[in-house]
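Structure data (mmCIF, C-alpha atoms, pLDDT in the B column; chains and numbers go by the auth columns) from my_file.cif:
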data_target
#
loop_
_atom_site.group_PDB
_atom_site.id
_atom_site.type_symbol
_atom_site.label_atom_id
_atom_site.label_comp_id
_atom_site.label_asym_id
_atom_site.label_seq_id
_atom_site.Cartn_x
_atom_site.Cartn_y
_atom_site.Cartn_z
_atom_site.B_iso_or_equiv
_atom_site.auth_seq_id
_atom_site.auth_asym_id
ATOM 1 C CA MET A 1 0.000 0.000 0.000 69.00 959 A
ATOM 2 C CA GLY A 2 2.966 2.370 -0.321 77.00 960 A
ATOM 3 C CA TYR A 3 5.393 3.900 2.124 81.00 961 A
ATOM 4 C CA THR A 4 2.914 6.178 3.820 85.00 962 A
ATOM 5 C CA TRP A 5 -0.063 3.887 4.395 90.00 963 A
ATOM 6 C CA ASN A 6 0.617 3.369 8.126 90.00 964 A
ATOM 7 C CA LEU A 7 1.009 7.108 8.653 90.00 965 A
ATOM 8 C CA GLN A 8 -2.200 7.804 6.732 91.00 966 A
ATOM 9 C CA LEU A 9 -4.086 5.178 8.722 93.00 967 A
ATOM 10 C CA LYS A 10 -2.844 6.640 12.011 92.00 968 A
ATOM 11 C CA ILE A 11 -3.940 10.152 11.018 93.00 969 A
ATOM 12 C CA PHE A 12 -7.306 8.950 9.646 93.00 970 A
ATOM 13 C CA LYS A 13 -8.082 7.025 12.847 94.00 971 A
ATOM 14 C CA CYS A 14 -7.158 9.970 15.047 93.00 972 A
ATOM 15 C CA THR A 15 -9.183 12.385 12.898 93.00 973 A
ATOM 16 C CA ALA A 16 -12.234 10.118 12.914 94.00 974 A
ATOM 17 C CA GLY A 17 -11.995 9.737 16.700 94.00 975 A
ATOM 18 C CA ILE A 18 -11.749 13.486 17.311 94.00 976 A
ATOM 19 C CA VAL A 19 -14.630 14.199 14.907 94.00 977 A
ATOM 20 C CA ILE A 20 -16.859 11.595 16.596 95.00 978 A
ATOM 21 C CA ILE A 21 -16.137 13.184 19.988 95.00 979 A
ATOM 22 C CA ILE A 22 -16.952 16.661 18.626 94.00 980 A
ATOM 23 C CA VAL A 23 -20.171 15.381 16.989 95.00 981 A
ATOM 24 C CA ILE A 24 -21.322 13.752 20.235 95.00 982 A
ATOM 25 C CA GLY A 25 -20.508 16.940 22.132 95.00 983 A
ATOM 26 C CA LEU A 26 -22.451 19.051 19.625 93.00 984 A
ATOM 27 C CA ALA A 27 -25.407 16.677 19.733 93.00 985 A
ATOM 28 C CA ILE A 28 -25.573 16.857 23.526 94.00 986 A
ATOM 29 C CA PHE A 29 -24.777 20.499 24.246 93.00 987 A
ATOM 30 C CA THR A 30 -26.235 22.523 21.346 91.00 988 A
ATOM 31 C CA GLN A 31 -29.711 23.196 20.035 90.00 989 A
ATOM 32 C CA ASN A 32 -30.252 22.388 16.327 89.00 990 A
ATOM 33 C CA PRO A 33 -26.840 20.742 15.814 91.00 991 A
ATOM 34 C CA LEU A 34 -27.600 19.037 12.474 94.00 992 A
ATOM 35 C CA PRO A 35 -26.127 21.658 10.041 93.00 993 A
ATOM 36 C CA MET A 36 -22.945 21.841 12.098 94.00 994 A
ATOM 37 C CA ILE A 37 -22.651 18.049 12.276 95.00 995 A
ATOM 38 C CA TYR A 38 -23.280 17.640 8.544 95.00 996 A
ATOM 39 C CA GLY A 39 -20.755 20.370 7.775 95.00 997 A
ATOM 40 C CA LEU A 40 -18.144 18.843 10.070 95.00 998 A
ATOM 41 C CA LEU A 41 -18.572 15.376 8.560 95.00 999 A
ATOM 42 C CA PHE A 42 -18.528 16.769 5.006 95.00 1000 A
ATOM 43 C CA GLY A 43 -15.400 18.861 5.581 95.00 1001 A
ATOM 44 C CA THR A 44 -13.572 16.070 7.376 95.00 1002 A
ATOM 45 C CA ALA A 45 -14.402 13.518 4.669 95.00 1003 A
ATOM 46 C CA ILE A 46 -13.134 15.849 1.951 95.00 1004 A
ATOM 47 C CA SER A 47 -9.960 16.711 3.866 94.00 1005 A
ATOM 48 C CA MET A 48 -9.227 13.007 4.449 94.00 1006 A
ATOM 49 C CA LEU A 49 -9.710 12.279 0.756 95.00 1007 A
ATOM 50 C CA ASN A 50 -7.449 15.219 -0.107 95.00 1008 A
ATOM 51 C CA PHE A 51 -4.802 13.868 2.252 94.00 1009 A
ATOM 52 C CA ARG A 52 -5.005 10.467 0.553 95.00 1010 A
ATOM 53 C CA VAL A 53 -4.670 12.083 -2.884 94.00 1011 A
ATOM 54 C CA LEU A 54 -1.710 14.115 -1.609 94.00 1012 A
ATOM 55 C CA ALA A 55 0.003 10.941 -0.372 93.00 1013 A
ATOM 56 C CA LEU A 56 -0.531 9.176 -3.725 93.00 1014 A
ATOM 57 C CA THR A 57 0.764 12.254 -5.568 93.00 1015 A
ATOM 58 C CA LEU A 58 3.935 12.497 -3.500 92.00 1016 A
ATOM 59 C CA GLU A 59 4.624 8.747 -3.699 92.00 1017 A
ATOM 60 C CA LYS A 60 4.459 9.048 -7.457 92.00 1018 A
ATOM 61 C CA ALA A 61 6.331 12.359 -7.652 91.00 1019 A
ATOM 62 C CA VAL A 62 9.469 11.163 -5.850 90.00 1020 A
ATOM 63 C CA CYS A 63 9.967 8.480 -8.516 91.00 1021 A
ATOM 64 C CA MET A 64 10.048 11.078 -11.319 91.00 1022 A
ATOM 65 C CA ALA A 65 12.791 13.369 -12.556 93.00 1023 A
ATOM 66 C CA PRO A 66 12.955 16.524 -10.348 91.00 1024 A
ATOM 67 C CA SER A 67 11.707 18.917 -13.046 92.00 1025 A
ATOM 68 C CA LYS A 68 8.792 16.619 -13.894 93.00 1026 A
ATOM 69 C CA ALA A 69 8.029 16.105 -10.188 92.00 1027 A
ATOM 70 C CA GLN A 70 7.749 19.873 -9.678 93.00 1028 A
ATOM 71 C CA VAL A 71 5.213 20.278 -12.453 94.00 1029 A
ATOM 72 C CA TYR A 72 3.297 17.147 -11.429 94.00 1030 A
ATOM 73 C CA ALA A 73 3.038 18.109 -7.732 93.00 1031 A
ATOM 74 C CA SER A 74 2.032 21.707 -8.539 93.00 1032 A
ATOM 75 C CA SER A 75 -0.641 20.675 -11.062 94.00 1033 A
ATOM 76 C CA ARG A 76 -2.101 18.127 -8.642 94.00 1034 A
ATOM 77 C CA TYR A 77 -2.102 20.790 -5.896 94.00 1035 A
ATOM 78 C CA PHE A 78 -4.245 23.073 -8.032 93.00 1036 A
ATOM 79 C CA ILE A 79 -6.703 20.219 -8.710 94.00 1037 A
ATOM 80 C CA ARG A 80 -7.074 19.732 -4.936 94.00 1038 A
ATOM 81 C CA PHE A 81 -7.350 23.508 -4.488 94.00 1039 A
ATOM 82 C CA ILE A 82 -10.251 23.633 -6.966 94.00 1040 A
ATOM 83 C CA THR A 83 -11.903 20.686 -5.183 94.00 1041 A
ATOM 84 C CA ASN A 84 -11.650 22.582 -1.898 94.00 1042 A
ATOM 85 C CA GLY A 85 -13.108 25.654 -3.602 94.00 1043 A
ATOM 86 C CA ILE A 86 -16.109 23.665 -4.863 95.00 1044 A
ATOM 87 C CA VAL A 87 -16.648 22.212 -1.386 94.00 1045 A
ATOM 88 C CA ILE A 88 -16.579 25.639 0.276 94.00 1046 A
ATOM 89 C CA PHE A 89 -18.853 27.095 -2.408 94.00 1047 A
ATOM 90 C CA ILE A 90 -21.390 24.281 -1.878 94.00 1048 A
ATOM 91 C CA SER A 91 -21.297 24.768 1.874 94.00 1049 A
ATOM 92 C CA LEU A 92 -21.871 28.515 1.430 93.00 1050 A
ATOM 93 C CA LYS A 93 -24.864 27.940 -0.851 92.00 1051 A
ATOM 94 C CA ALA A 94 -26.475 24.985 0.975 92.00 1052 A
ATOM 95 C CA ASP A 95 -28.624 25.850 3.983 91.00 1053 A
ATOM 96 C CA TYR A 96 -28.235 22.425 5.551 93.00 1054 A
ATOM 97 C CA LEU A 97 -24.439 22.780 5.875 93.00 1055 A
ATOM 98 C CA ASN A 98 -22.780 25.095 8.365 92.00 1056 A
ATOM 99 C CA ILE A 99 -19.767 26.818 6.794 93.00 1057 A
ATOM 100 C CA ILE A 100 -17.913 26.980 10.131 93.00 1058 A
ATOM 101 C CA GLY A 101 -18.267 23.202 10.487 94.00 1059 A
ATOM 102 C CA VAL A 102 -16.948 22.646 6.968 94.00 1060 A
ATOM 103 C CA ILE A 103 -13.939 24.917 7.600 94.00 1061 A
ATOM 104 C CA ILE A 104 -13.153 23.151 10.887 94.00 1062 A
ATOM 105 C CA GLY A 105 -13.405 19.818 9.062 94.00 1063 A
ATOM 106 C CA LEU A 106 -11.095 20.992 6.266 94.00 1064 A
ATOM 107 C CA VAL A 107 -8.348 22.101 8.677 93.00 1065 A
ATOM 108 C CA MET A 108 -8.823 19.135 11.033 92.00 1066 A
ATOM 109 C CA ILE A 109 -6.025 17.154 9.349 92.00 1067 A
ATOM 110 C CA LYS A 110 -3.566 19.975 10.030 92.00 1068 A
ATOM 111 C CA ILE A 111 -4.591 20.111 13.700 92.00 1069 A
ATOM 112 C CA ILE A 112 -4.170 16.334 14.035 92.00 1070 A
ATOM 113 C CA ILE A 113 -0.727 16.447 12.384 91.00 1071 A
ATOM 114 C CA PHE A 114 0.361 19.207 14.773 90.00 1072 A
ATOM 115 C CA VAL A 115 -0.982 17.342 17.791 88.00 1073 A
ATOM 116 C CA GLN A 116 0.649 14.057 16.806 87.00 1074 A
ATOM 117 C CA ASN A 117 4.019 15.350 15.673 83.00 1075 A
ATOM 118 C CA LEU A 118 4.730 18.697 17.296 78.00 1076 A
ATOM 119 C CA PHE A 119 2.750 19.067 20.516 78.00 1077 A
ATOM 120 C CA ASN A 120 3.211 15.476 21.694 76.00 1078 A
ATOM 121 C CA ASN A 121 6.254 16.270 23.805 76.00 1079 A
ATOM 122 C CA LYS A 122 5.831 17.705 27.317 76.00 1080 A
ATOM 123 C CA MET A 123 9.291 19.260 27.149 76.00 1081 A
ATOM 124 C CA PHE A 124 8.087 21.428 24.263 72.00 1082 A
ATOM 125 C CA PHE A 125 5.636 23.181 26.574 73.00 1083 A
ATOM 126 C CA LYS A 126 8.107 23.358 29.445 74.00 1084 A
ATOM 127 C CA ARG A 127 10.707 24.989 27.215 75.00 1085 A
ATOM 128 C CA ILE A 128 8.246 27.710 26.196 73.00 1086 A
ATOM 129 C CA PHE A 129 8.079 29.028 29.749 75.00 1087 A
ATOM 130 C CA ILE A 130 11.794 28.691 30.557 74.00 1088 A
ATOM 131 C CA ARG A 131 13.440 32.044 30.009 69.00 1089 A
ATOM 132 C CA LYS A 132 16.826 32.126 28.346 65.00 1090 A
ATOM 133 C CA GLU A 133 18.384 33.775 31.421 66.00 1091 A
ATOM 134 C CA GLY A 134 17.222 30.881 33.601 59.00 1092 A
ATOM 135 C CA LYS A 135 18.997 28.189 31.574 56.00 1093 A
ATOM 136 C CA MET B 1 -23.924 59.720 -14.384 77.00 1239 B
ATOM 137 C CA GLU B 2 -25.385 57.942 -11.360 82.00 1240 B
ATOM 138 C CA PRO B 3 -23.637 58.379 -8.011 86.00 1241 B
ATOM 139 C CA ILE B 4 -21.888 55.348 -6.540 87.00 1242 B
ATOM 140 C CA THR B 5 -23.973 53.756 -3.807 89.00 1243 B
ATOM 141 C CA GLY B 6 -22.496 52.298 -0.644 88.00 1244 B
ATOM 142 C CA ARG B 7 -23.586 48.790 -1.637 88.00 1245 B
ATOM 143 C CA ALA B 8 -21.922 49.025 -5.039 91.00 1246 B
ATOM 144 C CA LEU B 9 -18.716 50.302 -3.449 92.00 1247 B
ATOM 145 C CA ILE B 10 -18.681 47.435 -0.937 92.00 1248 B
ATOM 146 C CA LEU B 11 -19.280 44.871 -3.683 92.00 1249 B
ATOM 147 C CA ALA B 12 -16.511 46.311 -5.855 93.00 1250 B
ATOM 148 C CA CYS B 13 -14.022 46.429 -2.996 94.00 1251 B
ATOM 149 C CA SER B 14 -15.011 42.883 -1.966 93.00 1252 B
ATOM 150 C CA ALA B 15 -14.303 41.632 -5.469 94.00 1253 B
ATOM 151 C CA ILE B 16 -10.861 43.257 -5.384 96.00 1254 B
ATOM 152 C CA GLY B 17 -10.264 41.781 -1.921 95.00 1255 B
ATOM 153 C CA ALA B 18 -11.302 38.337 -3.110 94.00 1256 B
ATOM 154 C CA GLY B 19 -8.861 38.569 -5.982 95.00 1257 B
ATOM 155 C CA LEU B 20 -6.066 39.584 -3.617 95.00 1258 B
ATOM 156 C CA ALA B 21 -6.963 36.751 -1.223 94.00 1259 B
ATOM 157 C CA MET B 22 -6.668 34.204 -4.031 93.00 1260 B
ATOM 158 C CA ILE B 23 -2.969 35.100 -4.361 93.00 1261 B
ATOM 159 C CA ALA B 24 -2.504 33.115 -1.133 92.00 1262 B
ATOM 160 C CA GLY B 25 -3.361 29.957 -3.058 90.00 1263 B
ATOM 161 C CA ILE B 26 -0.369 30.258 -5.388 92.00 1264 B
ATOM 162 C CA GLY B 27 2.340 30.076 -2.715 93.00 1265 B
ATOM 163 C CA PRO B 28 1.637 26.557 -1.420 93.00 1266 B
ATOM 164 C CA GLY B 29 1.462 25.267 -5.003 92.00 1267 B
ATOM 165 C CA ILE B 30 4.919 26.614 -5.814 93.00 1268 B
ATOM 166 C CA GLY B 31 6.234 25.377 -2.462 93.00 1269 B
ATOM 167 C CA GLN B 32 4.823 21.892 -2.862 92.00 1270 B
ATOM 168 C CA GLY B 33 6.265 21.601 -6.341 93.00 1271 B
ATOM 169 C CA TYR B 34 9.668 22.747 -5.114 94.00 1272 B
ATOM 170 C CA ALA B 35 9.528 20.278 -2.199 93.00 1273 B
ATOM 171 C CA ALA B 36 8.525 17.428 -4.505 93.00 1274 B
ATOM 172 C CA GLY B 37 11.424 18.246 -6.841 93.00 1275 B
ATOM 173 C CA LYS B 38 13.897 18.281 -3.965 93.00 1276 B
ATOM 174 C CA GLY B 39 12.344 15.057 -2.625 93.00 1277 B
ATOM 175 C CA ALA B 40 12.878 13.402 -5.987 93.00 1278 B
ATOM 176 C CA GLU B 41 16.507 14.589 -5.938 93.00 1279 B
ATOM 177 C CA GLY B 42 16.918 13.173 -2.432 93.00 1280 B
ATOM 178 C CA VAL B 43 15.465 9.814 -3.406 91.00 1281 B
ATOM 179 C CA GLY B 44 17.755 9.709 -6.429 92.00 1282 B
ATOM 180 C CA ARG B 45 20.751 10.367 -4.171 93.00 1283 B
ATOM 181 C CA GLN B 46 19.717 7.959 -1.404 92.00 1284 B
ATOM 182 C CA PRO B 47 17.081 5.462 -2.617 91.00 1285 B
ATOM 183 C CA GLU B 48 16.953 3.526 0.677 91.00 1286 B
ATOM 184 C CA ALA B 49 15.591 6.624 2.466 90.00 1287 B
ATOM 185 C CA GLN B 50 12.555 6.915 0.171 90.00 1288 B
ATOM 186 C CA GLY B 51 10.054 5.980 2.905 90.00 1289 B
ATOM 187 C CA ASP B 52 11.356 8.579 5.351 90.00 1290 B
ATOM 188 C CA ILE B 53 11.536 11.270 2.678 91.00 1291 B
ATOM 189 C CA VAL B 54 7.963 10.684 1.476 91.00 1292 B
ATOM 190 C CA ARG B 55 6.539 10.532 5.018 91.00 1293 B
ATOM 191 C CA THR B 56 8.205 13.783 6.099 91.00 1294 B
ATOM 192 C CA MET B 57 7.227 15.496 2.859 92.00 1295 B
ATOM 193 C CA LEU B 58 3.634 14.318 3.204 92.00 1296 B
ATOM 194 C CA LEU B 59 3.254 15.879 6.652 92.00 1297 B
ATOM 195 C CA GLY B 60 4.880 19.125 5.530 92.00 1298 B
ATOM 196 C CA ALA B 61 2.796 19.327 2.370 92.00 1299 B
ATOM 197 C CA ALA B 62 -0.458 18.646 4.246 92.00 1300 B
ATOM 198 C CA VAL B 63 0.288 21.451 6.703 91.00 1301 B
ATOM 199 C CA ALA B 64 1.296 23.847 3.915 91.00 1302 B
ATOM 200 C CA GLU B 65 -1.811 23.097 1.902 90.00 1303 B
ATOM 201 C CA THR B 66 -4.093 24.431 4.633 91.00 1304 B
ATOM 202 C CA THR B 67 -2.625 27.914 4.208 90.00 1305 B
ATOM 203 C CA GLY B 68 -4.033 28.066 0.697 91.00 1306 B
ATOM 204 C CA ILE B 69 -7.446 26.994 1.970 92.00 1307 B
ATOM 205 C CA TYR B 70 -7.576 30.004 4.314 93.00 1308 B
ATOM 206 C CA GLY B 71 -7.184 32.387 1.373 93.00 1309 B
ATOM 207 C CA LEU B 72 -9.774 30.487 -0.605 92.00 1310 B
ATOM 208 C CA ILE B 73 -12.279 30.682 2.267 93.00 1311 B
ATOM 209 C CA VAL B 74 -11.779 34.443 2.630 94.00 1312 B
ATOM 210 C CA ALA B 75 -12.212 34.958 -1.116 94.00 1313 B
ATOM 211 C CA LEU B 76 -15.364 32.831 -1.397 93.00 1314 B
ATOM 212 C CA ILE B 77 -16.960 34.392 1.684 93.00 1315 B
ATOM 213 C CA LEU B 78 -16.297 37.885 0.286 93.00 1316 B
ATOM 214 C CA LEU B 79 -17.859 36.877 -3.025 92.00 1317 B
ATOM 215 C CA PHE B 80 -20.849 34.742 -2.020 91.00 1318 B
ATOM 216 C CA ALA B 81 -21.678 35.457 1.627 88.00 1319 B
ATOM 217 C CA ASN B 82 -20.409 38.967 2.128 87.00 1320 B
ATOM 218 C CA PRO B 83 -20.925 39.968 5.784 87.00 1321 B
ATOM 219 C CA LEU B 84 -20.150 43.660 5.089 87.00 1322 B
ATOM 220 C CA ILE B 85 -23.370 44.249 3.098 86.00 1323 B
ATOM 221 C CA GLY B 86 -25.367 43.543 6.251 84.00 1324 B
ATOM 222 C CA LEU B 87 -23.643 46.458 7.981 85.00 1325 B
ATOM 223 C CA LEU B 88 -25.245 49.044 5.636 80.00 1326 B
#
Take the structure in this file and express it as structure tokens.
Amino acid sequence: MGYTWNLQLKIFKCTAGIVIIIVIGLAIFTQNPLPMIYGLLFGTAISMLNFRVLALTLEKAVCMAPSKAQVYASSRYFIRFITNGIVIFISLKADYLNIIGVIIGLVMIKIIIFVQNLFNNKMFFKRIFIRKEGK
Amino acid sequence: MEPITGRALILACSAIGAGLAMIAGIGPGIGQGYAAGKGAEGVGRQPEAQGDIVRTMLLGAAVAETTGIYGLIVALILLFANPLIGLL
């Protein structure tokens, strides 16, 4: 399944878990949560598919010549960009989708990547509050 | 000649703003292409590190891609769900 399948699976599982928790929270604590839930699910599904397409693109691009890889990766990026544009446009026009939910869903992958790879170390937070003079 | 109304001015300025916001979508595309080219060079130089290179590049590219989405959201909101018209 390629070099990145385990990484993709890890991120997909984490994203799905976080989204389920948010959906349950919305369902319990808010009135009329359906547009937000639909928007969140829609945005998350699209962002996960985009992440999968990105992984396939990069796996293919690194096997090409550098100049070809540049053009290939850039052209595929703009296809994903247009897809995202269509998704946001639909969510703006459709009454049954909340645009805030869609936006949160679209950037959910980035949040998960940050949480898993950058903010997973307690020392990172400790170092923020240690002043340089105190070292 | 008819005078320019406040609504027309807001719509015109929003269209210009949307166009400017779309510039944000170009940067990640150039960056991703550059990263993919350098990744291909790296794999050519050290083929056994292909897995590590692709994994690191994937995470970086996914984070960079979100920046373009922000610009796209601002542009589409200015065009299709302009909140400034409601202020008139």
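The space separating CA of Gly1271 in chain B from CA of Tyr1030 in chain A comes to 7.4 Å.
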Taking all atoms listed in the file into account, report as a PyMOL selection string which residues of chain B lie within 10 Å of chain A. chain B and resi 1263-1264+1266-1282+1285+1288-1308+1310-1311+1313-1315+1317-1319
Convert the output of the PyMOL selection byres ((chain B and resi 1259) around 7) on the shown file into explicit residues, formatted as a list in words. Gly1255, Ala1256, Gly1257, Leu1258, Met1260, Ile1261, Ala1262, Gly1309, Leu1310, Val1312 and Ala1313 of chain B
Determine the axis-aligned bounding box of all atoms of range 1034-1044 of chain A present in the file, pad each side by 3 Å, and express its centre and edge lengths in Å to one decimal place as AutoDock Vina command-line options.
--center_x -9.1 --center_y 21.9 --center_z -5.3 --size_x 20.0 --size_y 13.5 --size_z 12.8
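The interatomic distance for the pair CA of Ile979 in chain A and CA of Val1073 in chain A works out to 15.9 Å.
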Set the distance at 9 Å and use only C-alpha atoms: which residues neighbour Met994 in chain A once local chain neighbours fewer than 3 positions away are removed? I'd like the list as a VMD selection string. chain A and resid 981 984 990 to 991 997 to 999 1054 to 1060
Given the file shown, determine the residues that the PyMOL selection byres ((chain B and resi 1244) around 12) selects; report them as a list in words. Pro1241, Ile1242, Thr1243, Arg1245, Ala1246, Leu1247, Ile1248, Leu1249, Ala1250, Cys1251, Leu1322, Ile1323, Gly1324, Leu1325 and Leu1326 of chain B
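When CA of Asn1320 in chain B is paired with CA of Thr1002 in chain A, their separation reads 24.5 Å.
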